[in-house]
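To be precise, the following lines are run-v8.txt, and they hold compact mmCIF, C-alpha atoms.
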# COMPACT_ATOMS: atom_id res chain seq x y z
CA MET A 21 -40.29 2.41 -18.61
CA TRP A 22 -38.52 -0.30 -16.62
CA GLU A 23 -37.87 -2.30 -19.76
CA TRP A 24 -36.33 0.75 -21.40
CA LEU A 25 -34.08 1.36 -18.39
CA LEU A 26 -32.93 -2.27 -18.37
CA GLU A 27 -32.01 -2.23 -22.04
CA PRO A 28 -28.32 -1.75 -22.98
CA ILE A 29 -27.27 1.71 -24.11
CA ASP A 30 -26.52 0.35 -27.59
CA PRO A 31 -29.48 -1.79 -28.71
CA ASN A 32 -27.40 -3.27 -31.55
CA ARG A 33 -25.06 -5.03 -29.10
CA ALA A 34 -25.73 -7.55 -26.37
CA HIS A 35 -24.95 -6.82 -22.73
CA GLN A 36 -23.22 -10.04 -21.81
CA VAL A 37 -20.43 -9.89 -19.25
CA GLY A 38 -19.06 -12.64 -17.08
CA PHE A 39 -18.28 -12.75 -13.38
CA ALA A 40 -14.84 -11.11 -13.60
CA ILE A 41 -15.85 -8.22 -15.85
CA SER A 42 -19.06 -7.48 -13.95
CA TRP A 43 -17.33 -7.35 -10.55
CA HIS A 44 -14.41 -5.41 -11.99
CA GLY A 45 -16.87 -2.80 -13.16
CA ARG A 46 -18.79 -2.69 -9.89
CA MET A 47 -15.66 -2.22 -7.80
CA MET A 48 -14.26 0.45 -10.11
CA VAL A 49 -17.54 2.38 -10.17
CA LEU A 50 -17.75 2.20 -6.37
CA ALA A 51 -14.11 3.25 -5.99
CA TRP A 52 -13.75 6.00 -8.59
CA GLY A 53 -17.35 6.92 -9.26
CA VAL A 54 -18.52 7.16 -5.64
CA ILE A 55 -15.82 7.06 -2.94
CA ALA A 56 -12.96 8.99 -4.60
CA PRO A 57 -14.96 12.13 -5.44
CA LEU A 58 -16.51 12.12 -1.95
CA ALA A 59 -13.04 11.92 -0.41
CA VAL A 60 -11.92 14.86 -2.56
CA LEU A 61 -14.97 16.98 -1.70
CA THR A 62 -14.50 16.20 1.99
CA ALA A 63 -10.88 17.35 1.90
CA ARG A 64 -11.75 20.53 0.03
CA PHE A 65 -14.90 21.67 1.81
CA LEU A 66 -14.94 20.15 5.31
CA LYS A 67 -11.68 21.36 6.80
CA VAL A 68 -13.81 23.59 9.02
CA LEU A 69 -17.12 22.00 10.04
CA PRO A 70 -20.32 24.09 10.25
CA TRP A 71 -20.62 23.56 14.00
CA GLN A 72 -16.92 24.15 14.67
CA ASP A 73 -16.13 27.36 16.57
CA TRP A 74 -13.31 28.39 14.26
CA PRO A 75 -10.83 30.02 14.86
CA ARG A 76 -11.20 29.19 18.54
CA GLU A 77 -11.34 25.48 17.66
CA LEU A 78 -8.55 24.49 15.28
CA ASP A 79 -7.20 21.41 13.54
CA ASN A 80 -10.43 19.51 12.97
CA GLN A 81 -9.19 16.18 11.65
CA PHE A 82 -12.47 14.77 10.38
CA TRP A 83 -11.64 15.76 6.80
CA TRP A 84 -8.14 14.29 7.05
CA ARG A 85 -9.31 10.91 8.35
CA ALA A 86 -12.20 10.73 5.88
CA HIS A 87 -9.89 11.63 3.00
CA TRP A 88 -7.10 9.13 3.65
CA ILE A 89 -9.42 6.31 4.73
CA GLY A 90 -11.63 6.87 1.69
CA GLN A 91 -8.70 6.97 -0.70
CA SER A 92 -7.17 3.88 0.95
CA VAL A 93 -10.41 2.02 0.25
CA VAL A 94 -10.24 3.30 -3.35
CA VAL A 95 -6.72 1.92 -3.75
CA ALA A 96 -7.69 -1.44 -2.24
CA LEU A 97 -10.78 -1.79 -4.45
CA THR A 98 -8.74 -0.79 -7.50
CA ALA A 99 -6.09 -3.41 -6.79
CA LEU A 100 -8.73 -6.12 -6.41
CA ALA A 101 -10.52 -5.00 -9.56
CA VAL A 102 -7.29 -5.06 -11.59
CA LEU A 103 -6.33 -8.52 -10.33
CA LEU A 104 -9.80 -9.76 -11.19
CA ILE A 105 -9.76 -8.47 -14.74
CA GLN A 106 -6.18 -9.59 -15.40
CA SER A 107 -7.20 -13.17 -14.63
CA ALA A 108 -9.97 -13.01 -17.22
CA VAL A 109 -9.05 -10.70 -20.11
CA THR A 110 -6.35 -8.35 -21.28
CA ALA A 111 -7.42 -4.71 -21.13
CA THR A 112 -7.23 -3.12 -24.58
CA GLY A 113 -8.47 0.03 -26.27
CA TRP A 114 -8.87 3.44 -24.71
CA HIS A 115 -10.58 2.08 -21.63
CA GLY A 116 -7.54 -0.03 -20.85
CA ARG A 117 -5.09 2.79 -21.62
CA LEU A 118 -6.94 5.25 -19.42
CA GLY A 119 -7.36 2.62 -16.72
CA TYR A 120 -3.62 2.02 -16.53
CA THR A 121 -3.10 5.79 -16.52
CA VAL A 122 -5.35 6.00 -13.46
CA LEU A 123 -3.29 3.25 -11.80
CA ALA A 124 -0.06 5.13 -12.47
CA LEU A 125 -1.45 8.42 -11.17
CA ALA A 126 -2.90 6.73 -8.08
CA ALA A 127 0.49 5.13 -7.39
CA LEU A 128 2.09 8.57 -7.63
CA GLN A 129 -0.42 9.93 -5.13
CA VAL A 130 0.33 7.14 -2.68
CA GLY A 131 4.07 7.67 -3.09
CA PHE A 132 3.86 11.43 -2.62
CA GLY A 133 1.63 10.94 0.41
CA MET A 134 4.26 8.76 2.06
CA ILE A 135 6.98 11.39 1.62
CA ARG A 136 4.90 14.53 2.19
CA GLY A 137 7.17 15.65 5.03
CA SER A 138 6.64 16.46 8.69
CA LYS A 139 3.73 18.45 10.08
CA GLY A 140 5.18 20.56 12.88
CA GLY A 141 3.36 23.50 14.42
CA PRO A 142 1.57 23.86 17.76
CA THR A 143 -0.45 20.66 17.19
CA ALA A 144 2.61 18.48 16.50
CA ARG A 145 5.49 19.86 18.49
CA ALA A 146 8.80 18.04 18.44
CA ALA A 147 10.12 16.46 21.62
CA ASP A 148 12.28 19.54 22.26
CA GLY A 149 9.26 21.85 21.93
CA SER A 150 10.21 23.05 18.46
CA LEU A 151 7.44 24.04 16.03
CA ARG A 152 9.55 23.26 12.98
CA GLY A 153 7.99 21.07 10.31
CA ASP A 154 7.62 20.93 6.53
CA HIS A 155 3.95 21.84 6.64
CA TYR A 156 4.15 24.43 9.40
CA ASP A 157 7.16 26.16 7.86
CA MET A 158 5.83 25.67 4.31
CA THR A 159 9.21 24.44 3.13
CA ARG A 160 10.07 24.19 -0.55
CA TRP A 161 9.29 20.47 -0.51
CA ARG A 162 5.90 21.08 1.08
CA LEU A 163 5.05 23.66 -1.58
CA VAL A 164 6.00 21.15 -4.29
CA PHE A 165 3.94 18.45 -2.58
CA GLU A 166 0.87 20.69 -2.25
CA PHE A 167 0.99 21.59 -5.95
CA LEU A 168 1.57 18.04 -7.19
CA HIS A 169 -0.86 16.34 -4.81
CA LYS A 170 -3.77 18.60 -5.69
CA SER A 171 -3.02 18.77 -9.42
CA ILE A 172 -2.53 15.03 -9.81
CA GLY A 173 -5.59 14.35 -7.65
CA TYR A 174 -7.96 16.33 -9.86
CA LEU A 175 -6.32 14.92 -13.00
CA THR A 176 -6.72 11.36 -11.71
CA LEU A 177 -10.38 11.91 -10.95
CA SER A 178 -10.98 13.32 -14.44
CA VAL A 179 -9.19 10.43 -16.19
CA ALA A 180 -11.03 7.93 -13.98
CA LEU A 181 -14.40 9.37 -15.01
CA MET A 182 -13.45 9.04 -18.69
CA SER A 183 -12.27 5.48 -18.11
CA LEU A 184 -15.50 4.59 -16.29
CA SER A 185 -17.58 5.99 -19.14
CA LEU A 186 -15.62 3.99 -21.73
CA GLY A 187 -15.88 0.89 -19.56
CA LEU A 188 -19.65 1.23 -19.39
CA TRP A 189 -19.74 1.65 -23.16
CA ASP A 190 -17.51 -1.38 -23.81
CA ALA A 191 -19.70 -3.48 -21.52
CA ASN A 192 -22.81 -2.00 -23.17
CA ALA A 193 -24.20 -1.24 -19.74
CA PRO A 194 -27.95 -0.79 -19.26
CA ARG A 195 -29.37 2.71 -19.44
CA TRP A 196 -30.14 2.86 -15.73
CA MET A 197 -26.43 2.56 -14.90
CA TRP A 198 -25.59 5.54 -17.10
CA MET A 199 -28.42 7.56 -15.63
CA MET A 200 -27.54 6.75 -12.01
CA LEU A 201 -23.85 7.58 -12.45
CA GLY A 202 -24.68 10.72 -14.41
CA ALA A 203 -27.15 11.88 -11.76
CA TRP A 204 -24.65 11.19 -8.97
CA TRP A 205 -21.85 13.16 -10.62
CA THR A 206 -24.24 15.99 -11.47
CA PHE A 207 -25.23 16.13 -7.80
CA LEU A 208 -21.56 16.17 -6.71
CA LEU A 209 -20.76 18.95 -9.17
CA ALA A 210 -23.75 20.98 -7.98
CA MET A 211 -22.70 20.52 -4.34
CA ALA A 212 -19.12 21.53 -5.17
CA LEU A 213 -20.29 24.71 -6.88
CA LEU A 214 -22.66 25.52 -4.00
CA LEU A 215 -20.05 24.97 -1.27
CA GLN A 216 -17.42 26.85 -3.24
CA GLY A 217 -19.77 29.80 -3.61
CA ARG A 218 -20.52 29.78 0.12
CA GLY A 219 -16.84 29.91 1.04
CA TRP A 220 -16.47 26.40 2.44
CA ALA A 221 -13.12 25.87 0.70
CA VAL A 222 -11.10 27.11 3.66
CA ASP A 223 -7.32 27.36 3.35
CA THR A 224 -5.77 24.22 4.85
CA TYR A 225 -3.07 26.07 6.74
CA GLN A 226 -5.55 28.43 8.42
CA ALA A 227 -7.94 25.58 9.18
CA ILE A 228 -5.19 23.82 11.13
CA TRP A 229 -3.38 26.71 12.85
CA GLY A 230 -5.59 29.76 12.49
CA PRO A 231 -5.10 33.08 10.66
CA SER A 232 -2.39 34.69 12.80
CA LEU A 233 0.56 36.08 10.87
CA ALA A 234 2.78 34.65 13.60
CA HIS A 235 2.49 31.37 11.73
CA PRO A 236 4.96 31.39 8.80
CA GLY A 237 2.60 29.75 6.31
CA ASN A 238 0.14 32.62 6.62
CA ARG A 239 2.79 34.95 5.22
CA ARG A 240 2.79 32.96 1.98
CA PRO A 241 0.08 32.92 -0.70
CA SER A 242 -2.68 30.35 -0.16
CA GLN A 243 -1.98 27.00 -1.78
CA GLY A 244 -4.50 25.85 -4.37
CA TRP A 245 -7.07 27.65 -6.49
CA GLY A 246 -10.23 29.14 -5.04
CA MET A 247 -9.25 28.63 -1.42
CA ARG A 248 -10.72 31.01 1.16
CA ARG A 249 -8.23 32.71 3.45
CA ILE A 250 -9.35 35.13 6.15
CA PRO A 251 -7.00 38.09 6.75
CA SER A 252 -5.58 38.28 10.26
CA GLU A 253 -7.42 41.52 11.10
CA GLU A 254 -10.74 40.14 9.91
CA ALA A 255 -10.21 37.05 12.08
CA LYS A 256 -9.98 39.28 15.14
CA ASN A 257 -13.52 40.45 14.43
CA VAL A 258 -14.62 36.82 14.04
CA ARG A 259 -13.17 35.95 17.44
CA SER A 260 -14.64 39.02 19.16
CA GLY A 261 -18.04 38.45 17.61

Take the structure I supplied and represent it as structure tokens, if you would.
Amino acid sequence: MWEWLLEPIDPNRAHQVGFAISWHGRMMVLAWGVIAPLAVLTARFLKVLPWQDWPRELDNQFWWRAHWIGQSVVVALTALAVLLIQSAVTATGWHGRLGYTVLALAALQVGFGMIRGSKGGPTARAADGSLRGDHYDMTRWRLVFEFLHKSIGYLTLSVALMSLSLGLWDANAPRWMWMMLGAWWTFLLAMALLLQGRGWAVDTYQAIWGPSLAHPGNRRPSQGWGMRRIPSEEAKNVRSG
């Protein structure tokens, strides 16, 4: 059994990779196969923690810190992995094309994140006491950012998974690597479906400021697909219960 697991996926080719290629692969698998999807799931499903007394307790920032720190590590690992491979070989074929596509999409995400606009609201009042902010007011730019950030994020993750699979094939990786990565992504998908079904995908705006219609963003449709938004009247029952 162990011998079978250690054999390359294609028995007609040798699995011989040097230092640069092997560490390029390890860093990319860690970045895009492990950390990136965890950061995405955290942002989608942990805006309100199970032990958080929502809506009495608002603006839990665990998800925010975990998301941006995780994605920052992904970007750093990706940069190192690209530098490593560029010093050894020139990326060609579909793995290279998809890999550079992931780099471009990740750069877009970083750029959009830097110009996402101000927060505003009760948790980030201006010096004059104003609540105004791109996120709190759900300005046109914030709506554009929300759509692009989420759409590009899921697209990047999908392209990265395809690139990882092609990279494993090009390197003729052992069977155990395919099985471990496949099992991990199957587990993540199962967890995503479970948490989605249980209503853990709470609307970002409500998670931060609550469900009151006094907040302007709650008078707009929820941003993103499948997000759970509690009506203001229902939230009163939550608070009283």

Any chance you could work out the axis-aligned box around stretch 115-121 of chain A, listed atoms only, 3 Å on each side, giving centre and edge lengths in Å to one decimal, as lines of an AutoDock Vina configuration file?
center_x = -6.8
center_y = 2.9
center_z = -19.1
size_x = 13.5
size_y = 11.8
size_z = 11.1

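Restricting the calculation to all atoms listed in the file, the smallest distance between A:Ala34 and any of A:Val222, A:Ile228, A:Leu201, A:Ala191 is found for A:Ala191.
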
Neighbours of A:Leu215 within 12 Å (all atoms listed in the file; same-chain residues fewer than 4 positions away dropped), as JSON, numbers by chain?
{"A": [61, 62, 64, 65, 66, 70, 208, 209, 210, 211, 219, 220, 221, 222, 246, 247, 248]}

Here's a test: counting only C-alpha atoms, identify every protein, DNA and RNA residue with an atom at most 7 Å from (-10.8, 22.0, 11.1) in the file's coordinate frame, and state them as a PyMOL selection string.
chain A and resi 67-69+78-81+227-228

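Residue nearest A:Ala56, chosen from A:Tyr174, A:Ser42, A:Arg249, A:Pro236 and counting only C-alpha atoms: A:Tyr174.
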
Which residues, written as a ChimeraX atom specification, have at least one atom at most 12 Å from A:Trp204, with all atoms listed in the file counted and residues fewer than 3 positions away on the same chain left out?
/A:49-50,53-55,57-58,197-201,207-211

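In this structure, atom CA of A:Gln226 sits 25.9 Å away from atom CA of A:Leu177.
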
Which is closest to A:Val130 among A:Arg76, A:Arg162, A:Arg218, A:His169, if we use only C-alpha atoms?
A:His169

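The residue that comes closest to A:His35, out of A:Gly237, A:Trp189, A:Gly133, A:Gln243 and on the basis of only C-alpha atoms, is A:Trp189.
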
In Å, how far is it from atom CA of A:Glu27 to atom CA of A:Pro194?
5.1 Å
